[in-house]
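Structure file work-v4.txt (compact mmCIF, C-alpha atoms) follows.
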# COMPACT_ATOMS: atom_id res chain seq x y z
CA MET A 275 100.74 -27.12 94.47
CA THR A 276 100.47 -30.89 94.32
CA ILE A 277 97.26 -32.62 93.33
CA ARG A 278 95.40 -33.82 96.39
CA PRO A 279 94.40 -37.50 96.47
CA ASP A 280 91.17 -36.67 98.30
CA PRO A 281 87.89 -38.05 96.97
CA ASP A 282 85.38 -35.88 95.16
CA TYR A 283 82.35 -34.79 97.16
CA ASP A 284 79.87 -36.14 94.64
CA VAL A 285 80.23 -39.92 94.61
CA PRO A 286 76.77 -41.35 93.85
CA ALA A 287 77.86 -44.90 94.69
CA TYR A 288 78.03 -43.64 98.28
CA ARG A 289 74.38 -42.70 98.62
CA SER A 290 74.71 -40.25 101.47
CA THR A 291 76.63 -37.90 99.17
CA VAL A 292 73.62 -37.37 96.90
CA LEU A 293 71.91 -34.68 98.99
CA ARG A 294 74.99 -33.50 100.83
CA ALA A 295 77.73 -32.96 98.24
CA PRO A 296 77.94 -29.33 97.11
CA HIS A 297 77.14 -28.80 93.44
CA ARG A 298 78.74 -25.42 92.86
CA PRO A 299 82.45 -25.22 92.12
CA LEU A 300 84.57 -24.69 95.21
CA VAL A 301 86.22 -21.28 95.47
CA PRO A 302 90.02 -21.25 95.81
CA LEU A 303 91.10 -19.79 99.15
CA ALA A 304 94.64 -18.51 99.59
CA HIS A 305 96.55 -19.45 102.72
CA GLU A 306 95.79 -16.26 104.62
CA PRO A 307 96.66 -15.73 108.29
CA THR A 308 93.59 -17.53 109.61
CA GLU A 309 94.34 -20.57 107.47
CA ARG A 310 98.05 -20.57 108.30
CA HIS A 311 97.34 -20.85 112.01
CA GLY A 312 95.39 -23.50 113.84
CA PRO A 313 94.32 -24.62 117.27
CA ALA A 314 96.98 -25.99 119.61
CA PHE A 315 96.21 -28.77 122.04
CA GLY A 316 99.56 -29.23 123.74
CA HIS A 317 98.13 -27.75 126.92
CA LEU A 318 95.45 -30.42 127.19
CA SER A 319 96.06 -32.90 129.93
CA ILE A 320 95.23 -36.07 128.09
CA ASP A 321 95.46 -39.18 130.23
CA PRO A 322 97.95 -41.62 128.68
CA LEU A 323 95.35 -44.32 129.42
CA ASP A 324 93.12 -42.67 126.81
CA ALA A 325 95.40 -44.26 124.21
CA ASP A 326 94.68 -47.75 125.57
CA LEU A 327 91.26 -48.90 124.40
CA THR A 328 91.89 -52.35 125.89
CA ARG A 329 92.18 -51.32 129.51
CA TRP A 330 88.80 -52.87 130.40
CA ARG A 331 89.73 -56.04 128.52
CA PRO A 332 87.32 -56.03 125.59
CA LEU A 333 86.81 -59.06 123.40
CA GLY A 334 88.79 -59.17 120.18
CA GLU A 335 92.20 -59.46 118.64
CA ARG A 336 94.49 -57.07 120.51
CA ILE A 337 96.48 -54.79 118.22
CA ILE A 338 98.86 -51.86 118.50
CA VAL A 339 98.33 -49.09 115.95
CA THR A 340 101.17 -46.60 115.70
CA GLY A 341 102.67 -44.23 113.20
CA ARG A 342 103.62 -40.64 112.70
CA LEU A 343 101.80 -37.43 111.91
CA LEU A 344 103.83 -35.79 109.16
CA ASP A 345 103.55 -33.05 106.61
CA GLU A 346 104.28 -33.49 102.92
CA GLY A 347 107.91 -32.62 103.50
CA SER A 348 108.16 -35.56 105.95
CA ARG A 349 108.45 -33.14 108.86
CA PRO A 350 106.95 -34.54 112.06
CA ILE A 351 104.09 -32.63 113.65
CA ALA A 352 104.65 -32.77 117.40
CA GLY A 353 102.21 -32.14 120.24
CA GLN A 354 99.08 -32.34 118.14
CA LEU A 355 95.85 -34.13 118.74
CA VAL A 356 94.96 -37.53 117.27
CA GLU A 357 91.47 -38.89 117.96
CA ILE A 358 90.26 -42.36 116.94
CA TRP A 359 86.99 -44.23 117.14
CA GLN A 360 85.90 -47.63 115.88
CA ALA A 361 83.42 -50.50 116.07
CA ASN A 362 83.96 -53.34 118.50
CA ALA A 363 85.17 -56.79 117.45
CA ALA A 364 81.62 -57.75 116.49
CA GLY A 365 81.19 -54.72 114.23
CA ARG A 366 79.04 -52.59 116.56
CA TYR A 367 79.69 -49.01 117.67
CA ALA A 368 78.94 -47.93 121.22
CA HIS A 369 76.63 -45.29 119.73
CA ALA A 370 72.87 -45.04 120.18
CA ALA A 371 72.31 -44.66 116.44
CA ASP A 372 74.04 -47.93 115.60
CA GLN A 373 71.23 -50.48 115.35
CA HIS A 374 73.28 -53.31 113.87
CA ASP A 375 72.18 -56.56 115.47
CA ALA A 376 75.58 -57.46 116.85
CA PRO A 377 76.47 -57.50 120.54
CA LEU A 378 77.75 -54.46 122.35
CA ASP A 379 80.86 -55.03 124.40
CA HIS A 380 80.50 -53.15 127.66
CA ASN A 381 84.24 -53.32 128.12
CA PHE A 382 84.88 -51.33 124.96
CA THR A 383 84.13 -47.64 124.35
CA GLY A 384 85.80 -47.69 120.94
CA ALA A 385 87.29 -44.22 121.43
CA GLY A 386 90.83 -43.06 122.10
CA ARG A 387 93.01 -39.98 121.86
CA CYS A 388 96.56 -38.85 122.37
CA LEU A 389 98.99 -36.08 121.55
CA THR A 390 101.83 -36.81 119.15
CA ASP A 391 105.31 -36.94 120.70
CA ARG A 392 108.25 -34.85 119.57
CA ASP A 393 108.79 -37.17 116.58
CA GLY A 394 105.15 -36.80 115.59
CA ARG A 395 104.45 -40.32 116.79
CA TYR A 396 101.17 -41.62 118.18
CA ARG A 397 100.42 -45.06 119.58
CA PHE A 398 97.13 -46.76 120.43
CA VAL A 399 96.43 -50.18 121.89
CA THR A 400 93.04 -51.45 120.77
CA ILE A 401 91.30 -54.45 119.23
CA LYS A 402 90.74 -55.14 115.57
CA PRO A 403 87.29 -53.79 114.69
CA GLY A 404 84.73 -56.02 112.99
CA ALA A 405 83.13 -55.43 109.61
CA TYR A 406 79.46 -54.45 109.66
CA PRO A 407 76.55 -54.15 107.23
CA TRP A 408 75.14 -50.80 106.16
CA ALA A 409 72.17 -49.82 104.05
CA ASN A 410 74.06 -48.29 101.13
CA HIS A 411 73.42 -51.12 98.64
CA ALA A 412 72.66 -54.86 98.57
CA ASN A 413 75.08 -56.85 100.72
CA ALA A 414 76.97 -53.71 101.67
CA TRP A 415 79.46 -54.30 104.47
CA ARG A 416 82.07 -51.78 105.54
CA PRO A 417 85.56 -53.22 105.65
CA ALA A 418 87.15 -53.14 109.10
CA HIS A 419 88.38 -49.61 109.75
CA ILE A 420 89.46 -47.17 112.43
CA HIS A 421 88.42 -43.52 112.13
CA PHE A 422 91.22 -40.97 112.56
CA SER A 423 90.86 -37.26 113.26
CA VAL A 424 94.06 -35.18 113.31
CA PHE A 425 94.98 -31.55 113.70
CA GLY A 426 98.14 -30.18 112.12
CA ARG A 427 99.71 -26.83 112.87
CA ALA A 428 97.37 -24.96 110.57
CA PHE A 429 93.66 -24.89 109.83
CA THR A 430 94.47 -26.14 106.32
CA GLN A 431 96.02 -29.31 107.79
CA ARG A 432 92.90 -30.56 109.57
CA LEU A 433 92.12 -34.08 108.39
CA VAL A 434 89.55 -36.78 109.14
CA THR A 435 90.13 -40.15 107.50
CA GLN A 436 89.85 -43.90 108.00
CA MET A 437 92.53 -46.55 108.37
CA TYR A 438 91.93 -49.94 106.81
CA PHE A 439 93.58 -53.33 107.17
CA PRO A 440 95.62 -54.90 104.38
CA GLY A 441 94.13 -57.82 102.50
CA ASP A 442 90.52 -57.16 103.49
CA PRO A 443 88.34 -58.59 100.67
CA LEU A 444 85.63 -56.02 101.41
CA LEU A 445 87.86 -53.15 100.28
CA ASP A 446 87.16 -53.86 96.62
CA HIS A 447 83.42 -53.43 97.25
CA ASP A 448 83.42 -50.39 99.51
CA PRO A 449 82.32 -47.13 97.83
CA ILE A 450 83.86 -45.04 100.60
CA PHE A 451 87.32 -46.60 100.20
CA LEU A 452 86.91 -46.60 96.41
CA SER A 453 85.94 -42.91 96.46
CA VAL A 454 89.69 -42.32 96.42
CA ARG A 455 90.23 -42.81 92.74
CA ASP A 456 94.00 -43.25 92.64
CA GLU A 457 95.05 -46.77 93.57
CA ARG A 458 98.33 -45.64 95.10
CA ALA A 459 96.50 -43.11 97.23
CA ARG A 460 94.09 -45.80 98.40
CA HIS A 461 97.13 -47.79 99.44
CA ASP A 462 98.01 -44.91 101.77
CA LEU A 463 94.81 -45.69 103.70
CA LEU A 464 96.00 -49.22 104.52
CA ALA A 465 97.88 -49.97 107.70
CA ARG A 466 100.94 -52.18 107.34
CA LEU A 467 101.41 -55.24 109.53
CA ASP A 468 104.54 -54.37 111.47
CA LEU A 469 106.32 -57.14 113.34
CA ASP A 470 108.70 -54.60 114.91
CA THR A 471 105.71 -53.06 116.68
CA THR A 472 104.17 -56.42 117.55
CA GLU A 473 104.49 -57.43 121.19
CA GLU A 474 105.35 -61.10 121.44
CA GLY A 475 102.45 -63.17 122.71
CA ARG A 476 100.31 -60.10 123.35
CA ALA A 477 99.40 -57.86 120.43
CA LEU A 478 99.92 -57.60 116.68
CA GLY A 479 101.41 -54.32 115.48
CA TYR A 480 100.16 -52.14 112.64
CA HIS A 481 101.88 -49.07 111.24
CA PHE A 482 99.91 -46.17 109.78
CA ASP A 483 101.37 -42.74 109.01
CA VAL A 484 99.07 -39.78 108.52
CA VAL A 485 100.39 -37.15 106.12
CA VAL A 486 98.81 -33.70 105.92
CA GLY A 487 99.57 -30.85 103.55
CA ASP A 488 102.50 -28.55 104.09
CA HIS A 489 102.30 -25.76 106.61
CA LEU A 490 102.75 -22.50 104.73
CA THR A 491 104.01 -19.58 106.76
CA MET B 92 105.21 -37.56 100.47
CA SER B 93 101.63 -37.80 99.30
CA THR B 94 99.01 -36.59 101.69
CA THR B 95 96.69 -39.15 103.24
CA PRO B 96 93.30 -39.02 101.49
CA SER B 97 90.30 -37.75 103.40
CA GLN B 98 87.42 -40.09 104.25
CA THR B 99 84.01 -39.33 105.66
CA ILE B 100 83.60 -38.84 109.40
CA GLY B 101 80.61 -41.23 109.18
CA PRO B 102 77.59 -41.28 111.48
CA PHE B 103 79.22 -42.44 114.73
CA PHE B 104 81.93 -39.85 115.35
CA ARG B 105 80.46 -38.62 118.62
CA ILE B 106 81.96 -41.55 120.49
CA GLY B 107 85.41 -40.28 119.54
CA ALA B 108 84.82 -36.52 119.39
CA ALA B 109 82.29 -35.65 122.09
CA TRP B 110 84.93 -35.53 124.85
CA MET B 111 85.84 -32.14 123.34
CA ASP B 112 82.35 -30.68 122.93
CA THR B 113 83.50 -27.05 123.04
CA PRO B 114 80.90 -24.62 121.71
CA HIS B 115 82.33 -21.94 124.03
CA VAL B 116 85.37 -20.31 122.47
CA VAL B 117 85.42 -17.70 125.24
CA PRO B 118 84.07 -17.80 128.82
CA ALA B 119 80.28 -17.45 128.90
CA ASP B 120 80.48 -14.28 130.97
CA SER B 121 82.65 -12.40 128.45
CA ALA B 122 81.16 -8.91 128.07
CA ASP B 123 81.74 -8.86 124.32
CA ALA B 124 80.58 -12.40 123.60
CA ILE B 125 78.55 -13.12 120.49
CA ILE B 126 76.33 -16.10 119.86
CA LEU B 127 76.74 -17.62 116.43
CA THR B 128 73.96 -20.05 115.59
CA GLY B 129 72.81 -21.72 112.43
CA HIS B 130 71.42 -24.82 110.83
CA VAL B 131 73.10 -27.28 108.50
CA LEU B 132 70.66 -28.24 105.73
CA ASP B 133 70.93 -30.76 102.91
CA GLY B 134 69.84 -30.39 99.28
CA ALA B 135 66.23 -31.22 100.17
CA GLY B 136 66.24 -28.61 102.93
CA VAL B 137 66.27 -31.35 105.55
CA PRO B 138 68.27 -30.59 108.71
CA VAL B 139 71.55 -32.45 108.94
CA SER B 140 71.32 -33.75 112.48
CA ASP B 141 74.58 -35.72 112.37
CA ALA B 142 77.12 -33.03 111.50
CA MET B 143 80.10 -31.77 113.43
CA VAL B 144 80.87 -28.08 112.98
CA GLU B 145 84.23 -26.64 114.00
CA ILE B 146 85.26 -22.98 113.99
CA TRP B 147 88.66 -21.35 114.11
CA GLN B 148 89.39 -17.63 114.37
CA ALA B 149 91.75 -14.89 115.44
CA ASP B 150 91.45 -13.15 118.79
CA ARG B 151 89.93 -9.70 119.37
CA GLN B 152 93.10 -8.03 118.05
CA GLY B 153 93.34 -10.21 114.95
CA GLY B 154 96.21 -12.24 116.34
CA PHE B 155 96.93 -15.85 117.14
CA PRO B 156 98.92 -15.81 120.40
CA PRO B 157 99.84 -19.20 121.90
CA ASP B 158 97.34 -18.87 124.74
CA TRP B 159 94.44 -18.12 122.39
CA GLN B 160 92.05 -21.05 122.07
CA GLY B 161 90.20 -19.70 119.04
CA PHE B 162 88.65 -23.09 118.41
CA GLY B 163 85.16 -24.41 118.87
CA ARG B 164 83.46 -27.72 118.15
CA CYS B 165 79.73 -28.30 118.16
CA PHE B 166 77.47 -31.20 117.17
CA THR B 167 74.25 -30.41 115.36
CA ASP B 168 71.02 -31.36 117.13
CA ASP B 169 67.84 -32.95 115.75
CA GLU B 170 67.01 -29.68 113.98
CA GLY B 171 70.47 -29.50 112.42
CA ARG B 172 71.27 -26.59 114.71
CA PHE B 173 74.65 -25.57 116.05
CA ALA B 174 75.53 -22.71 118.40
CA PHE B 175 78.86 -21.17 119.39
CA LEU B 176 79.67 -18.56 121.97
CA THR B 177 82.66 -16.55 120.81
CA VAL B 178 83.87 -13.00 120.13
CA LYS B 179 84.21 -11.08 116.93
CA PRO B 180 87.80 -11.46 115.75
CA GLY B 181 89.96 -8.47 114.88
CA ARG B 182 91.33 -7.94 111.39
CA VAL B 183 94.16 -10.37 110.67
CA ASP B 184 95.71 -7.97 108.15
CA ALA B 185 94.92 -4.67 106.44
CA ARG B 186 93.03 -6.32 103.59
CA GLN B 187 90.76 -8.86 105.17
CA SER B 188 87.52 -8.16 106.93
CA PRO B 189 86.90 -9.96 110.25
CA HIS B 190 85.96 -13.58 109.64
CA ILE B 191 85.64 -16.98 111.26
CA ASP B 192 86.72 -20.15 109.45
CA VAL B 193 84.26 -23.03 109.56
CA SER B 194 84.65 -26.76 108.90
CA VAL B 195 81.65 -29.04 108.42
CA PHE B 196 82.03 -32.79 108.80
CA ALA B 197 79.21 -35.29 108.25
CA ARG B 198 78.21 -38.64 106.90
CA GLY B 199 78.03 -38.18 103.14
CA LEU B 200 80.87 -35.66 103.10
CA LEU B 201 83.99 -37.45 101.91
CA GLN B 202 85.98 -34.36 102.83
CA ARG B 203 85.14 -31.62 105.26
CA LEU B 204 83.53 -28.52 103.80
CA VAL B 205 85.27 -25.22 104.53
CA THR B 206 83.54 -21.89 104.60
CA ARG B 207 83.90 -18.49 106.28
CA VAL B 208 81.56 -16.39 108.39
CA TYR B 209 81.71 -12.62 107.84
CA PHE B 210 79.94 -10.00 109.92
CA PRO B 211 76.90 -7.97 108.78
CA ASP B 212 78.09 -4.84 110.62
CA GLU B 213 81.32 -4.67 108.58
CA GLU B 214 79.92 -3.56 105.25
CA ASP B 215 82.87 -1.35 104.29
CA ALA B 216 85.50 -3.91 105.22
CA ASN B 217 83.51 -6.70 103.59
CA SER B 218 83.28 -4.77 100.32
CA ALA B 219 87.10 -4.63 100.18
CA ASP B 220 87.83 -8.14 101.43
CA PRO B 221 89.82 -10.09 98.80
CA VAL B 222 88.07 -13.37 99.51
CA LEU B 223 84.56 -11.94 99.37
CA THR B 224 85.29 -9.85 96.30
CA SER B 225 86.69 -12.91 94.51
CA ILE B 226 83.12 -14.23 94.46
CA GLU B 227 81.34 -12.52 91.59
CA GLN B 228 77.69 -13.25 92.24
CA PRO B 229 76.24 -11.10 95.02
CA ALA B 230 73.84 -13.85 96.07
CA ALA B 231 76.70 -16.31 96.48
CA ARG B 232 78.77 -13.72 98.36
CA ALA B 233 75.83 -13.12 100.68
CA THR B 234 75.91 -16.76 101.83
CA LEU B 235 79.13 -15.93 103.69
CA VAL B 236 77.74 -13.03 105.70
CA ALA B 237 75.91 -13.82 108.92
CA VAL B 238 72.54 -12.20 109.48
CA GLY B 239 71.24 -10.54 112.60
CA THR B 240 72.49 -7.95 115.01
CA PRO B 241 75.38 -8.62 117.36
CA PRO B 242 75.47 -10.29 119.82
CA ASP B 243 73.03 -12.63 118.05
CA LEU B 244 74.22 -13.79 114.65
CA ARG B 245 72.84 -16.48 112.44
CA PHE B 246 74.74 -18.38 109.77
CA ASP B 247 72.91 -21.20 108.00
CA ILE B 248 74.92 -23.69 105.99
CA HIS B 249 73.20 -25.01 102.87
CA LEU B 250 75.14 -27.99 101.53
CA GLN B 251 73.21 -27.87 98.24
CA GLY B 252 70.37 -26.07 96.51
CA ASP B 253 69.48 -22.56 95.43
CA ASN B 254 71.05 -21.04 98.51
CA GLU B 255 74.09 -23.31 98.50
CA THR B 256 76.76 -21.83 100.73
CA VAL B 257 80.06 -20.88 99.14
CA PHE B 258 82.66 -23.49 100.08
CA PHE B 259 86.39 -23.14 99.68
CA VAL B 260 89.29 -25.26 98.52
CA TYR B 261 92.97 -24.49 99.03

Kindly return the structure encoded in the file as structure tokens.
Amino acid sequence: MTIRPDPDYDVPAYRSTVLRAPHRPLVPLAHEPTERHGPAFGHLSIDPLDADLTRWRPLGERIIVTGRLLDEGSRPIAGQLVEIWQANAAGRYAHAADQHDAPLDHNFTGAGRCLTDRDGRYRFVTIKPGAYPWANHANAWRPAHIHFSVFGRAFTQRLVTQMYFPGDPLLDHDPIFLSVRDERARHDLLARLDLDTTEEGRALGYHFDVVVGDHLT
Amino acid sequence: MSTTPSQTIGPFFRIGAAWMDTPHVVPADSADAIILTGHVLDGAGVPVSDAMVEIWQADRQGGFPPDWQGFGRCFTDDEGRFAFLTVKPGRVDARQSPHIDVSVFARGLLQRLVTRVYFPDEEDANSADPVLTSIEQPAARATLVAVGTPPDLRFDIHLQGDNETVFFVY
């Protein structure tokens, strides 16, 4: 088994872990039948418009975010669910608990979803989210990010993560991004500016692959 | 390829996840339905009111046919409470006792936490289950067994503390 690049649970620099990270050692669980299977969503009738977060013309820099859902063996995972959510261009979520004093954009829900195609590919049109302050430490601002939630073919492949933008100076100060200790693994959380995806005069393209563990049968 | 590292779900996931608020794994009028409730609690015993709990399980026969949903998603309320309506799964093989897999996502969890719910009315099967028996301390093992009498089962999830739930890694 390869070593996972995932962060530890107990990362005191990210304050919310202090009372929530388990303290006892995790118990190894073999890939038994329940873990080798997982929910399927191919039957869901997801509106293709749910992948276009710009359809009500929100403010912000229009971007296309696309990539593939793959397993460690580079095999595409087709017909599976990808959910995203993000702040608006001003750094505010359309969520009642977000009290950041930045304007809401009533033309932006900040949420999207789609099923991967037969090559494992997903594609969202959205706007670049803004950075925003949070109470973790003095002058704490989250770097711009898009939350990703993916399902693989198996329960073991379920993954929730965040995609960041290359060159963001806040990355070096963010305890959540830095919770991934290996620098190369952190690089895997960065989207890549992709001029092949860019639509001339309309939207910048970013490429971001999501790789989950192998599916053991 | 290296796997993409996990990151926390954060506090605002409902805007992206609530479209699939599916605490009913089976239709509400199923004759054999069970109600699985519990609270998610932090190390100070405070309810975790911003968690997302997902369950995944076999069907009544212990299988995973393509038309079996087997999946539920629930958001904890102000008391940290979640509730699923489902059925008791069959045995997935000759060794394992009936169980439901659980994922917990929340702000402050940089990865999901994975645990399993076992059933209190399966004492014999539980005592032979390879996952349960791999846990030496009886008190720790007990954190994986729901309490109550079907159809009403309770399974509290303690993220930390004296009653910390057993969590798995694979």

With the cut-off set at 7 Å and counting only C-alpha atoms, tabulate each residue of chain B with an atom at most that distance from an atom of chain A, showing the nearest atom pair and its distance in Å to one decimal, ordered by chain and increasing number, as a tab-separated table.
residue	atom	partner	partner_atom	distance
B:Met92	CA	A:Glu346	CA	4.8
B:Ser93	CA	A:Glu346	CA	6.2
B:Thr94	CA	A:Val485	CA	4.7
B:Thr95	CA	A:Val485	CA	5.1
B:Pro96	CA	A:Asp280	CA	4.5
B:Ser97	CA	A:Thr435	CA	4.8
B:Gln98	CA	A:Thr435	CA	4.2
B:Thr99	CA	A:Thr435	CA	6.4
B:Ile100	CA	A:Val434	CA	6.3
B:Phe103	CA	A:His369	CA	6.3
B:Phe104	CA	A:Trp359	CA	6.9
B:Ile106	CA	A:Ala385	CA	6.0
B:Gly107	CA	A:Ala385	CA	4.8
B:Asp133	CA	A:Arg294	CA	5.3
B:Gly134	CA	A:Leu293	CA	4.8
B:Ala135	CA	A:Leu293	CA	6.8
B:Gln148	CA	A:Thr308	CA	6.3
B:Ala149	CA	A:Thr308	CA	6.7
B:Gln160	CA	A:Pro313	CA	6.4
B:Gly161	CA	A:Pro313	CA	6.7
B:Phe162	CA	A:Pro313	CA	6.0
B:Val183	CA	A:Pro307	CA	6.4
B:Arg198	CA	A:Ser290	CA	6.7
B:Gly199	CA	A:Thr291	CA	4.2
B:Leu200	CA	A:Tyr283	CA	6.2
B:Leu201	CA	A:Tyr283	CA	5.7
B:Gln202	CA	A:Tyr283	CA	6.7
B:Leu250	CA	A:Pro296	CA	5.4
B:Gln251	CA	A:Pro296	CA	5.1
B:Phe258	CA	A:Leu300	CA	5.4
B:Phe259	CA	A:Val301	CA	4.6
B:Val260	CA	A:Pro302	CA	4.9
B:Tyr261	CA	A:Leu303	CA	5.1

message: Please list as a ChimeraX atom specification every residue within 12 Å of Leu223 in chain B, counting only C-alpha atoms and excluding residues in the same chain fewer than 4 positions away.
response: /A:301-303 /B:186-190,206-210,214-219,227-236,257-259

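Atom pair CA of Arg331 in chain A / CA of Ala364 in chain A has a distance of 14.6 Å (rounded to one decimal).
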
- prompt: Could you pull the residues within 7 Å of range 109-114 of chain B, counting only C-alpha atoms, minus those fewer than 5 positions along the same chain, as an MDAnalysis selection string?
  reply: chainID B and resid 163:165 174:176

query: Please, what distance in Å, to one decimal, runs between CA of Pro242 in chain B and CA of Ala122 in chain B?
result: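 CA of Ala122 in chain B lies at a distance of 10.1 Å from CA of Pro242 in chain B.
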
message: Neighbouring residues of Gly479 in chain A were defined as those with any atom within 6 Å, considering all atoms listed in the file; residues of the same chain fewer than 6 positions away were excluded. Please report them as a ChimeraX atom specification.
response: /A:337-338,468,471-472

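The nearest approach to Val116 in chain B among the residues B:Asp150, B:Asp141, B:Asp220, B:Glu213, with all atoms listed in the file taken into account, belongs to B:Asp150.
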
message: Just the number, please: distance in Å from CA of Val144 in chain B to CA of Pro221 in chain B, one decimal.
response: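 About the pair CA of Val144 in chain B and CA of Pro221 in chain B: they are 24.6 Å apart.
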
Range 103-115 of chain B, all listed atoms, 4 Å padding on each side: what axis-aligned box centre and edge lengths in Å to one decimal come out, as JSON?
{"center_x": 82.5, "center_y": -32.2, "center_z": 119.8, "size_x": 14.6, "size_y": 28.5, "size_z": 18.1}
